[in-house]
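Asker: Mind having a look at this structure? Questions to follow.
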Amino acid sequence: MPSTEFRFRCTPIACCLFAIIALQSAAFAEPSDQELIDGADTRIEQHRKADVVITVLDAAGRPLPGAKVELRQTRHAFLFGCNVFEWSPANDKVTDSPYCQEFKELFNFATLPFYWWAYEPVQGKPNYNQSRLISQWCAQNGITTKGHPLAWNFFDPPWAPDDPMELKRLQMTRIDDCVSRFKGRIDCWDVVNEATHFEREWIIKQAPKMSGLWQKAGRMEFTRECFVHARKANPKATLLINDYRTDPPYEKVIEQLVDKAGKPMYDVIGIQNHMFDGAWPNGKIWDVCQRFSRFGVPLHFTEMTIFSGRKPEGSAWNAAWPTTPQGEAEQARDVVRFYTMLFSHPAVEAIIWWNFRDLDSECWTSSGLCRRDMTSKPAHVELAKLVKSKWWTTAKLVTDKDGTAATRGFLGDYEVTVTANGSKPLSKRVVITKGDKNRCTVKLE
């Protein structure tokens, strides 16, 4: 067979043209997984920290050089959270339990359960007391709270009426009641959960009444009405739309969740990521953040699970996956990578791990950061190192000739302690915020 040989002579003009094309291609090329994680620390430095300047004055108001300044972080501005579903006031010593002690040591954000079918098993008798006690414990320990969810068609309340319009009235009354009742204690809410694909066949079968209500009212009409009621019940509350979908259909729901003037009815976009089929690669993490950040509101990763057991091949998604040593090592590596990627994206404001410890039921048997007996898995140890060490600021400084000491710290709450000339230490609380000058003056007595 005759052969065809193609030869290209690289003239100066051709070489220049190819160089331009190569540069343009590189400019528009998506970063690799490795490039994304390699750049994370730089992004974290840029987006999660700020400069702070502390000025120390003597009793006469003059700048005091040589004063010792200790800056100690006490709380992150970023929300590192978990559901707190296992907190139970039935146990008198619950707050002394390993679960509570470990929880408050690591997390500053907690998701409280408000599933209608469990929260109000008997009509007219919601379990207000448990929510009150949990939110009170959270407040005492500097933990911000969120209620989850106000509306979801996963199960029907056991007493739900057959008339969908009567059920809708009761649903709106529930939203009014919960949001207004806990104003000041719970000021963040997942208002509507999983609206994008609410007509899943298996959900319609197990919740025919709630699903029928959503179908009759219309997905977006119902969702908007829920937000109207939540906003009226607490105008200052932070309201979320929350979903497990991370694709264009969820984007469409968000685009349509606006009032008559076209203003978004939500304050935050919630993204679930129970990773039953393995932890997302860095490219997907970044793509999801970029896609939903276009809406111009903070992103909360509201339900996050990376398992420490392997899903049995060919089994249903809800099969039991016991934890294993190999799975725990993989989980730890993925937790560090995933949290680092999310913490480095400027649109992300919160990460909420789902089950703090392994549960006995179905796939949740290896879902925790801790084992069933509350012993720490490697993932728990490594996450604590990130949150309370690598991403945590403590500094010992000395004021210069102008009486000032400067450093850079992670955004959040701090205690500044100053000593000079053998004087009694004087402490002051400081908040380091993004976009602020973050200047603090301490006057010694």
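Labels for the structure tokens follow display order: chains A, B, ..., residues from 1 in each chain, ligands from 1.
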Compile a residue-level contact table for region 37-119 of chain A against region 368-390 of chain A at a cut-off of 9 Å, reporting for every qualifying residue the shortest atom pair and its distance in Å to one decimal, with only C-alpha atoms counted, rows ordered by chain and ascending number, as a tab-separated table.
Answerer:
```
residue	atom	partner	partner_atom	distance
A:His76	CA	A:Val387	CA	8.5
A:Phe80	CA	A:Val387	CA	8.1
A:Pro98	CA	A:Met374	CA	6.8
A:Tyr99	CA	A:Met374	CA	6.7
A:Glu102	CA	A:Met374	CA	8.7
A:Glu105	CA	A:Ala384	CA	8.8
A:Leu106	CA	A:Ala384	CA	6.4
A:Phe107	CA	A:Val387	CA	8.9
```
Asker: Write a file of the selected residues as a short mmCIF file (atom, residue, chain, number, x, y, z; two decimals), in the first residue's frame, keeping N, CA and C atoms.
Answerer:
```
data_model
loop_
_atom_site.label_atom_id
_atom_site.label_comp_id
_atom_site.auth_asym_id
_atom_site.auth_seq_id
_atom_site.Cartn_x
_atom_site.Cartn_y
_atom_site.Cartn_z
N HIS A 76 -13.66 29.92 65.55
CA HIS A 76 -13.57 30.19 64.12
C HIS A 76 -14.77 31.01 63.65
N PHE A 80 -17.69 25.06 61.32
CA PHE A 80 -17.38 23.64 61.27
C PHE A 80 -18.44 22.93 62.11
N PRO A 98 -18.95 11.41 76.60
CA PRO A 98 -17.88 11.60 75.60
C PRO A 98 -18.40 12.25 74.33
N TYR A 99 -19.62 11.91 73.95
CA TYR A 99 -20.21 12.49 72.73
C TYR A 99 -20.25 14.01 72.83
N GLU A 102 -16.58 15.67 73.18
CA GLU A 102 -15.86 15.69 71.91
C GLU A 102 -16.53 16.63 70.91
N GLU A 105 -15.71 20.26 71.62
CA GLU A 105 -14.30 20.52 71.45
C GLU A 105 -13.95 20.82 70.00
N LEU A 106 -14.68 20.17 69.07
CA LEU A 106 -14.35 20.30 67.65
C LEU A 106 -15.27 21.24 66.88
N PHE A 107 -16.57 21.24 67.19
CA PHE A 107 -17.55 21.93 66.35
C PHE A 107 -18.04 23.23 66.95
#
```
Asker: Please provide the set of residues having any atom within 8 Å of region 276-290 of chain A, restricted to only C-alpha atoms, with same-chain residues fewer than 2 positions apart removed, written as a PyMOL selection string.
Answerer: chain A and resi 31-34+36-37+246+274+292-294+299+305-307+311+317+334+338+341-342+345+347-348
Asker: I need the chosen residues saved as a PDB file, in the first residue's frame, with N, CA and C atoms.
Answerer:
```
ATOM      1  N   PRO A  31      -7.794  23.336  35.858  1.00  0.00           N
ATOM      2  CA  PRO A  31      -6.684  22.865  36.691  1.00  0.00           C
ATOM      3  C   PRO A  31      -6.868  21.394  37.036  1.00  0.00           C
ATOM      4  N   SER A  32      -5.783  20.698  37.159  1.00  0.00           N
ATOM      5  CA  SER A  32      -5.831  19.283  37.525  1.00  0.00           C
ATOM      6  C   SER A  32      -6.150  19.133  39.008  1.00  0.00           C
ATOM      7  N   ASP A  33      -6.502  17.917  39.405  1.00  0.00           N
ATOM      8  CA  ASP A  33      -6.763  17.645  40.824  1.00  0.00           C
ATOM      9  C   ASP A  33      -5.557  18.025  41.672  1.00  0.00           C
ATOM     10  N   GLN A  34      -4.362  17.703  41.189  1.00  0.00           N
ATOM     11  CA  GLN A  34      -3.159  18.005  41.953  1.00  0.00           C
ATOM     12  C   GLN A  34      -2.927  19.506  42.048  1.00  0.00           C
ATOM     13  N   LEU A  36      -5.171  21.803  41.989  1.00  0.00           N
ATOM     14  CA  LEU A  36      -6.179  22.373  42.888  1.00  0.00           C
ATOM     15  C   LEU A  36      -5.775  22.217  44.346  1.00  0.00           C
ATOM     16  N   ILE A  37      -5.313  21.043  44.717  1.00  0.00           N
ATOM     17  CA  ILE A  37      -4.933  20.840  46.120  1.00  0.00           C
ATOM     18  C   ILE A  37      -3.616  21.541  46.435  1.00  0.00           C
ATOM     19  N   THR A 246     -26.631  18.156  42.714  1.00  0.00           N
ATOM     20  CA  THR A 246     -25.604  19.171  42.469  1.00  0.00           C
ATOM     21  C   THR A 246     -25.484  19.444  40.968  1.00  0.00           C
ATOM     22  N   HIS A 274     -23.447  13.105  50.736  1.00  0.00           N
ATOM     23  CA  HIS A 274     -23.213  11.785  51.316  1.00  0.00           C
ATOM     24  C   HIS A 274     -22.579  10.934  50.208  1.00  0.00           C
ATOM     25  N   PHE A 292     -22.261  26.771  41.889  1.00  0.00           N
ATOM     26  CA  PHE A 292     -23.279  27.352  42.765  1.00  0.00           C
ATOM     27  C   PHE A 292     -22.865  28.695  43.348  1.00  0.00           C
ATOM     28  N   SER A 293     -21.596  29.023  43.276  1.00  0.00           N
ATOM     29  CA  SER A 293     -21.172  30.345  43.757  1.00  0.00           C
ATOM     30  C   SER A 293     -21.658  31.459  42.837  1.00  0.00           C
ATOM     31  N   ARG A 294     -22.065  31.116  41.619  1.00  0.00           N
ATOM     32  CA  ARG A 294     -22.543  32.148  40.694  1.00  0.00           C
ATOM     33  C   ARG A 294     -23.800  32.843  41.195  1.00  0.00           C
ATOM     34  N   LEU A 299     -22.238  29.321  50.411  1.00  0.00           N
ATOM     35  CA  LEU A 299     -22.562  27.906  50.255  1.00  0.00           C
ATOM     36  C   LEU A 299     -22.311  27.186  51.578  1.00  0.00           C
ATOM     37  N   THR A 305     -20.762  13.126  54.280  1.00  0.00           N
ATOM     38  CA  THR A 305     -20.357  11.818  54.774  1.00  0.00           C
ATOM     39  C   THR A 305     -19.311  11.220  53.852  1.00  0.00           C
ATOM     40  N   ILE A 306     -18.183  10.851  54.419  1.00  0.00           N
ATOM     41  CA  ILE A 306     -17.178  10.031  53.756  1.00  0.00           C
ATOM     42  C   ILE A 306     -17.049   8.777  54.615  1.00  0.00           C
ATOM     43  N   PHE A 307     -17.303   7.632  54.036  1.00  0.00           N
ATOM     44  CA  PHE A 307     -17.406   6.399  54.814  1.00  0.00           C
ATOM     45  C   PHE A 307     -16.045   5.772  55.079  1.00  0.00           C
ATOM     46  N   LYS A 311     -18.601  -0.179  50.377  1.00  0.00           N
ATOM     47  CA  LYS A 311     -19.912  -0.663  49.975  1.00  0.00           C
ATOM     48  C   LYS A 311     -19.770  -2.038  49.324  1.00  0.00           C
ATOM     49  N   TRP A 317     -27.771   0.724  48.128  1.00  0.00           N
ATOM     50  CA  TRP A 317     -27.070   1.859  48.725  1.00  0.00           C
ATOM     51  C   TRP A 317     -27.168   1.846  50.245  1.00  0.00           C
ATOM     52  N   ASP A 334      -9.142  11.312  52.790  1.00  0.00           N
ATOM     53  CA  ASP A 334     -10.165  12.040  52.035  1.00  0.00           C
ATOM     54  C   ASP A 334     -10.758  13.193  52.836  1.00  0.00           C
ATOM     55  N   PHE A 338     -10.767  16.848  51.420  1.00  0.00           N
ATOM     56  CA  PHE A 338     -12.066  17.468  51.150  1.00  0.00           C
ATOM     57  C   PHE A 338     -12.235  18.760  51.940  1.00  0.00           C
ATOM     58  N   MET A 341     -10.002  21.494  50.491  1.00  0.00           N
ATOM     59  CA  MET A 341     -10.535  22.060  49.255  1.00  0.00           C
ATOM     60  C   MET A 341     -11.694  23.017  49.553  1.00  0.00           C
ATOM     61  N   LEU A 342     -12.612  22.615  50.395  1.00  0.00           N
ATOM     62  CA  LEU A 342     -13.767  23.474  50.686  1.00  0.00           C
ATOM     63  C   LEU A 342     -13.360  24.724  51.452  1.00  0.00           C
ATOM     64  N   HIS A 345     -12.132  27.533  49.279  1.00  0.00           N
ATOM     65  CA  HIS A 345     -13.007  28.212  48.315  1.00  0.00           C
ATOM     66  C   HIS A 345     -13.728  29.369  49.003  1.00  0.00           C
ATOM     67  N   ALA A 347     -16.436  30.981  48.535  1.00  0.00           N
ATOM     68  CA  ALA A 347     -17.900  30.990  48.652  1.00  0.00           C
ATOM     69  C   ALA A 347     -18.404  30.094  49.771  1.00  0.00           C
ATOM     70  N   VAL A 348     -17.579  29.160  50.232  1.00  0.00           N
ATOM     71  CA  VAL A 348     -18.024  28.203  51.249  1.00  0.00           C
ATOM     72  C   VAL A 348     -17.928  28.831  52.631  1.00  0.00           C
TER      73      VAL A 348
END
```
Asker: From a DSSP calculation on the backbone, collect every residue of region 213-443 of chain A in strand (DSSP E) and output the set as a PDB file with N, CA and C atoms, in the first residue's frame.
Answerer:
```
ATOM      1  N   THR A 238     -31.424  33.220  58.917  1.00  0.00           N
ATOM      2  CA  THR A 238     -30.710  32.772  57.727  1.00  0.00           C
ATOM      3  C   THR A 238     -31.452  31.571  57.162  1.00  0.00           C
ATOM      4  N   LEU A 239     -31.936  31.697  55.935  1.00  0.00           N
ATOM      5  CA  LEU A 239     -32.791  30.670  55.337  1.00  0.00           C
ATOM      6  C   LEU A 239     -32.058  29.953  54.201  1.00  0.00           C
ATOM      7  N   LEU A 240     -32.141  28.609  54.216  1.00  0.00           N
ATOM      8  CA  LEU A 240     -31.468  27.791  53.216  1.00  0.00           C
ATOM      9  C   LEU A 240     -32.454  27.004  52.372  1.00  0.00           C
ATOM     10  N   ILE A 241     -32.132  26.849  51.110  1.00  0.00           N
ATOM     11  CA  ILE A 241     -32.702  25.798  50.277  1.00  0.00           C
ATOM     12  C   ILE A 241     -31.657  24.695  50.285  1.00  0.00           C
ATOM     13  N   ASN A 242     -32.070  23.447  50.435  1.00  0.00           N
ATOM     14  CA  ASN A 242     -31.103  22.364  50.659  1.00  0.00           C
ATOM     15  C   ASN A 242     -31.427  21.186  49.756  1.00  0.00           C
ATOM     16  N   ASP A 243     -30.384  20.583  49.162  1.00  0.00           N
ATOM     17  CA  ASP A 243     -30.647  19.467  48.251  1.00  0.00           C
ATOM     18  C   ASP A 243     -29.429  18.574  48.103  1.00  0.00           C
ATOM     19  N   VAL A 268     -28.740  31.366  51.778  1.00  0.00           N
ATOM     20  CA  VAL A 268     -27.628  30.419  51.649  1.00  0.00           C
ATOM     21  C   VAL A 268     -28.096  29.250  50.799  1.00  0.00           C
ATOM     22  N   ILE A 269     -27.188  28.691  50.014  1.00  0.00           N
ATOM     23  CA  ILE A 269     -27.480  27.476  49.248  1.00  0.00           C
ATOM     24  C   ILE A 269     -26.858  26.296  49.979  1.00  0.00           C
ATOM     25  N   GLY A 270     -27.704  25.306  50.285  1.00  0.00           N
ATOM     26  CA  GLY A 270     -27.238  24.107  50.972  1.00  0.00           C
ATOM     27  C   GLY A 270     -26.957  22.983  49.989  1.00  0.00           C
ATOM     28  N   ILE A 271     -25.826  22.318  50.166  1.00  0.00           N
ATOM     29  CA  ILE A 271     -25.405  21.227  49.291  1.00  0.00           C
ATOM     30  C   ILE A 271     -25.114  19.996  50.133  1.00  0.00           C
ATOM     31  N   GLN A 272     -25.835  18.920  49.877  1.00  0.00           N
ATOM     32  CA  GLN A 272     -25.581  17.660  50.558  1.00  0.00           C
ATOM     33  C   GLN A 272     -24.530  16.869  49.776  1.00  0.00           C
ATOM     34  N   ASN A 273     -23.731  16.096  50.478  1.00  0.00           N
ATOM     35  CA  ASN A 273     -22.776  15.224  49.786  1.00  0.00           C
ATOM     36  C   ASN A 273     -22.445  13.996  50.640  1.00  0.00           C
ATOM     37  N   HIS A 274     -23.447  13.105  50.736  1.00  0.00           N
ATOM     38  CA  HIS A 274     -23.213  11.785  51.316  1.00  0.00           C
ATOM     39  C   HIS A 274     -22.579  10.934  50.208  1.00  0.00           C
ATOM     40  N   LEU A 299     -22.238  29.321  50.411  1.00  0.00           N
ATOM     41  CA  LEU A 299     -22.562  27.906  50.255  1.00  0.00           C
ATOM     42  C   LEU A 299     -22.311  27.186  51.578  1.00  0.00           C
ATOM     43  N   HIS A 300     -23.264  26.345  51.964  1.00  0.00           N
ATOM     44  CA  HIS A 300     -23.080  25.465  53.110  1.00  0.00           C
ATOM     45  C   HIS A 300     -23.096  24.023  52.607  1.00  0.00           C
ATOM     46  N   PHE A 301     -22.046  23.270  52.899  1.00  0.00           N
ATOM     47  CA  PHE A 301     -22.088  21.833  52.648  1.00  0.00           C
ATOM     48  C   PHE A 301     -22.756  21.224  53.866  1.00  0.00           C
ATOM     49  N   THR A 302     -24.059  20.992  53.742  1.00  0.00           N
ATOM     50  CA  THR A 302     -24.937  20.786  54.893  1.00  0.00           C
ATOM     51  C   THR A 302     -24.951  19.367  55.447  1.00  0.00           C
ATOM     52  N   GLU A 303     -24.635  18.383  54.612  1.00  0.00           N
ATOM     53  CA  GLU A 303     -24.701  16.991  55.053  1.00  0.00           C
ATOM     54  C   GLU A 303     -23.574  16.237  54.369  1.00  0.00           C
ATOM     55  N   MET A 304     -22.480  16.059  55.076  1.00  0.00           N
ATOM     56  CA  MET A 304     -21.290  15.471  54.462  1.00  0.00           C
ATOM     57  C   MET A 304     -20.955  14.134  55.113  1.00  0.00           C
ATOM     58  N   THR A 305     -20.762  13.126  54.280  1.00  0.00           N
ATOM     59  CA  THR A 305     -20.357  11.818  54.774  1.00  0.00           C
ATOM     60  C   THR A 305     -19.311  11.220  53.852  1.00  0.00           C
ATOM     61  N   VAL A 348     -17.579  29.160  50.232  1.00  0.00           N
ATOM     62  CA  VAL A 348     -18.024  28.203  51.249  1.00  0.00           C
ATOM     63  C   VAL A 348     -17.928  28.831  52.631  1.00  0.00           C
ATOM     64  N   GLU A 349     -19.001  28.717  53.370  1.00  0.00           N
ATOM     65  CA  GLU A 349     -19.098  29.337  54.698  1.00  0.00           C
ATOM     66  C   GLU A 349     -19.224  28.304  55.808  1.00  0.00           C
ATOM     67  N   ALA A 350     -19.635  27.078  55.448  1.00  0.00           N
ATOM     68  CA  ALA A 350     -19.866  26.058  56.480  1.00  0.00           C
ATOM     69  C   ALA A 350     -19.686  24.667  55.886  1.00  0.00           C
ATOM     70  N   ILE A 351     -19.174  23.762  56.719  1.00  0.00           N
ATOM     71  CA  ILE A 351     -19.104  22.339  56.397  1.00  0.00           C
ATOM     72  C   ILE A 351     -19.720  21.597  57.572  1.00  0.00           C
ATOM     73  N   ILE A 352     -20.756  20.830  57.311  1.00  0.00           N
ATOM     74  CA  ILE A 352     -21.446  20.092  58.370  1.00  0.00           C
ATOM     75  C   ILE A 352     -21.296  18.598  58.127  1.00  0.00           C
ATOM     76  N   TRP A 353     -20.446  17.950  58.937  1.00  0.00           N
ATOM     77  CA  TRP A 353     -20.364  16.497  58.884  1.00  0.00           C
ATOM     78  C   TRP A 353     -21.693  15.943  59.367  1.00  0.00           C
ATOM     79  N   THR A 394      -2.476  31.171  67.268  1.00  0.00           N
ATOM     80  CA  THR A 394      -1.974  31.658  68.557  1.00  0.00           C
ATOM     81  C   THR A 394      -0.650  32.349  68.256  1.00  0.00           C
ATOM     82  N   ALA A 395      -0.412  33.453  68.910  1.00  0.00           N
ATOM     83  CA  ALA A 395       0.821  34.201  68.631  1.00  0.00           C
ATOM     84  C   ALA A 395       1.293  34.924  69.882  1.00  0.00           C
ATOM     85  N   LYS A 396       2.600  34.941  70.064  1.00  0.00           N
ATOM     86  CA  LYS A 396       3.210  35.720  71.136  1.00  0.00           C
ATOM     87  C   LYS A 396       4.049  36.817  70.486  1.00  0.00           C
ATOM     88  N   LEU A 397       3.695  38.061  70.776  1.00  0.00           N
ATOM     89  CA  LEU A 397       4.294  39.218  70.117  1.00  0.00           C
ATOM     90  C   LEU A 397       4.857  40.184  71.147  1.00  0.00           C
ATOM     91  N   VAL A 398       5.657  41.112  70.659  1.00  0.00           N
ATOM     92  CA  VAL A 398       6.200  42.191  71.494  1.00  0.00           C
ATOM     93  C   VAL A 398       5.998  43.496  70.735  1.00  0.00           C
ATOM     94  N   THR A 404       3.067  49.081  68.954  1.00  0.00           N
ATOM     95  CA  THR A 404       2.186  48.216  68.166  1.00  0.00           C
ATOM     96  C   THR A 404       2.825  46.858  67.914  1.00  0.00           C
ATOM     97  N   ALA A 405       1.964  45.872  67.742  1.00  0.00           N
ATOM     98  CA  ALA A 405       2.377  44.523  67.376  1.00  0.00           C
ATOM     99  C   ALA A 405       1.410  44.044  66.304  1.00  0.00           C
ATOM    100  N   ALA A 406       1.927  43.490  65.226  1.00  0.00           N
ATOM    101  CA  ALA A 406       1.083  43.078  64.102  1.00  0.00           C
ATOM    102  C   ALA A 406       1.314  41.619  63.761  1.00  0.00           C
ATOM    103  N   THR A 407       0.258  40.962  63.306  1.00  0.00           N
ATOM    104  CA  THR A 407       0.362  39.591  62.826  1.00  0.00           C
ATOM    105  C   THR A 407      -0.810  39.333  61.888  1.00  0.00           C
ATOM    106  N   ARG A 408      -0.945  38.104  61.489  1.00  0.00           N
ATOM    107  CA  ARG A 408      -2.030  37.694  60.599  1.00  0.00           C
ATOM    108  C   ARG A 408      -2.684  36.467  61.214  1.00  0.00           C
ATOM    109  N   GLY A 409      -4.014  36.458  61.255  1.00  0.00           N
ATOM    110  CA  GLY A 409      -4.696  35.354  61.921  1.00  0.00           C
ATOM    111  C   GLY A 409      -5.924  34.888  61.163  1.00  0.00           C
ATOM    112  N   PHE A 410      -6.358  33.681  61.475  1.00  0.00           N
ATOM    113  CA  PHE A 410      -7.588  33.166  60.893  1.00  0.00           C
ATOM    114  C   PHE A 410      -8.780  33.967  61.403  1.00  0.00           C
ATOM    115  N   GLY A 412     -12.046  35.081  63.044  1.00  0.00           N
ATOM    116  CA  GLY A 412     -12.753  34.529  64.183  1.00  0.00           C
ATOM    117  C   GLY A 412     -12.572  35.345  65.440  1.00  0.00           C
ATOM    118  N   ASP A 413     -12.920  34.741  66.578  1.00  0.00           N
ATOM    119  CA  ASP A 413     -12.865  35.411  67.881  1.00  0.00           C
ATOM    120  C   ASP A 413     -11.542  35.113  68.579  1.00  0.00           C
ATOM    121  N   TYR A 414     -11.062  36.122  69.308  1.00  0.00           N
ATOM    122  CA  TYR A 414      -9.755  36.009  69.975  1.00  0.00           C
ATOM    123  C   TYR A 414      -9.801  36.623  71.365  1.00  0.00           C
ATOM    124  N   GLU A 415      -8.856  36.200  72.173  1.00  0.00           N
ATOM    125  CA  GLU A 415      -8.570  36.858  73.435  1.00  0.00           C
ATOM    126  C   GLU A 415      -7.144  37.390  73.361  1.00  0.00           C
ATOM    127  N   VAL A 416      -7.000  38.689  73.595  1.00  0.00           N
ATOM    128  CA  VAL A 416      -5.691  39.330  73.591  1.00  0.00           C
ATOM    129  C   VAL A 416      -5.299  39.602  75.038  1.00  0.00           C
ATOM    130  N   THR A 417      -4.126  39.125  75.432  1.00  0.00           N
ATOM    131  CA  THR A 417      -3.633  39.347  76.788  1.00  0.00           C
ATOM    132  C   THR A 417      -2.322  40.117  76.721  1.00  0.00           C
ATOM    133  N   VAL A 418      -2.246  41.237  77.476  1.00  0.00           N
ATOM    134  CA  VAL A 418      -1.080  42.115  77.435  1.00  0.00           C
ATOM    135  C   VAL A 418      -0.458  42.209  78.825  1.00  0.00           C
ATOM    136  N   THR A 419       0.859  42.115  78.863  1.00  0.00           N
ATOM    137  CA  THR A 419       1.604  42.351  80.110  1.00  0.00           C
ATOM    138  C   THR A 419       2.789  43.256  79.794  1.00  0.00           C
ATOM    139  N   LEU A 426      -3.678  42.081  81.325  1.00  0.00           N
ATOM    140  CA  LEU A 426      -4.969  42.661  80.968  1.00  0.00           C
ATOM    141  C   LEU A 426      -5.453  41.987  79.686  1.00  0.00           C
ATOM    142  N   SER A 427      -6.667  41.455  79.726  1.00  0.00           N
ATOM    143  CA  SER A 427      -7.201  40.724  78.578  1.00  0.00           C
ATOM    144  C   SER A 427      -8.349  41.475  77.923  1.00  0.00           C
ATOM    145  N   LYS A 428      -8.483  41.272  76.630  1.00  0.00           N
ATOM    146  CA  LYS A 428      -9.528  41.916  75.861  1.00  0.00           C
ATOM    147  C   LYS A 428      -9.948  40.989  74.730  1.00  0.00           C
ATOM    148  N   ARG A 429     -11.252  40.990  74.434  1.00  0.00           N
ATOM    149  CA  ARG A 429     -11.742  40.153  73.343  1.00  0.00           C
ATOM    150  C   ARG A 429     -11.691  40.924  72.028  1.00  0.00           C
ATOM    151  N   VAL A 430     -11.282  40.224  70.987  1.00  0.00           N
ATOM    152  CA  VAL A 430     -11.113  40.837  69.674  1.00  0.00           C
ATOM    153  C   VAL A 430     -11.721  39.905  68.626  1.00  0.00           C
ATOM    154  N   VAL A 431     -12.289  40.490  67.590  1.00  0.00           N
ATOM    155  CA  VAL A 431     -12.798  39.712  66.467  1.00  0.00           C
ATOM    156  C   VAL A 431     -12.034  40.113  65.212  1.00  0.00           C
ATOM    157  N   ILE A 432     -11.435  39.142  64.545  1.00  0.00           N
ATOM    158  CA  ILE A 432     -10.757  39.395  63.277  1.00  0.00           C
ATOM    159  C   ILE A 432     -11.729  39.071  62.154  1.00  0.00           C
ATOM    160  N   ARG A 439      -8.016  46.642  64.044  1.00  0.00           N
ATOM    161  CA  ARG A 439      -7.102  47.329  64.967  1.00  0.00           C
ATOM    162  C   ARG A 439      -7.682  47.299  66.375  1.00  0.00           C
ATOM    163  N   CYS A 440      -6.840  46.926  67.297  1.00  0.00           N
ATOM    164  CA  CYS A 440      -7.264  46.799  68.689  1.00  0.00           C
ATOM    165  C   CYS A 440      -6.307  47.618  69.563  1.00  0.00           C
ATOM    166  N   THR A 441      -6.869  48.389  70.501  1.00  0.00           N
ATOM    167  CA  THR A 441      -6.056  49.157  71.433  1.00  0.00           C
ATOM    168  C   THR A 441      -6.302  48.680  72.856  1.00  0.00           C
ATOM    169  N   VAL A 442      -5.216  48.409  73.555  1.00  0.00           N
ATOM    170  CA  VAL A 442      -5.291  47.956  74.949  1.00  0.00           C
ATOM    171  C   VAL A 442      -4.564  48.992  75.810  1.00  0.00           C
ATOM    172  N   LYS A 443      -5.294  49.574  76.755  1.00  0.00           N
ATOM    173  CA  LYS A 443      -4.706  50.571  77.651  1.00  0.00           C
ATOM    174  C   LYS A 443      -4.506  49.952  79.012  1.00  0.00           C
TER     175      LYS A 443
END
```
Asker: Could you pull the residues within 8 Å of Met220 (chain A), counting only C-alpha atoms, minus those fewer than 2 positions along the same chain, as JSON, numbers by chain?
Answerer: {"A": [218, 222, 223, 224, 253, 256, 257]}
Asker: Could you tell me how far CA of Arg337 (chain A) sits from CA of Gly39 (chain A), in Å to one decimal place?
Answerer: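 Separation of CA of Gly39 (chain A) and CA of Arg337 (chain A): 12.1 Å.
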Asker: Which is closest to Gln331 (chain A) among A:Ser367, A:Ser344, A:Thr399, A:Thr74, if we use only C-alpha atoms?
Answerer: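 Among the listed residues, A:Ser367 lies closest to Gln331 (chain A).
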Asker: Pick out the residues sitting within 10 Å of Lys434 (chain A), and hand them over as a ChimeraX atom specification; count only C-alpha atoms, and ignore anything fewer than 2 positions along from it in its own chain.
Answerer: /A:47-51,77,410-412,431-432,436-438
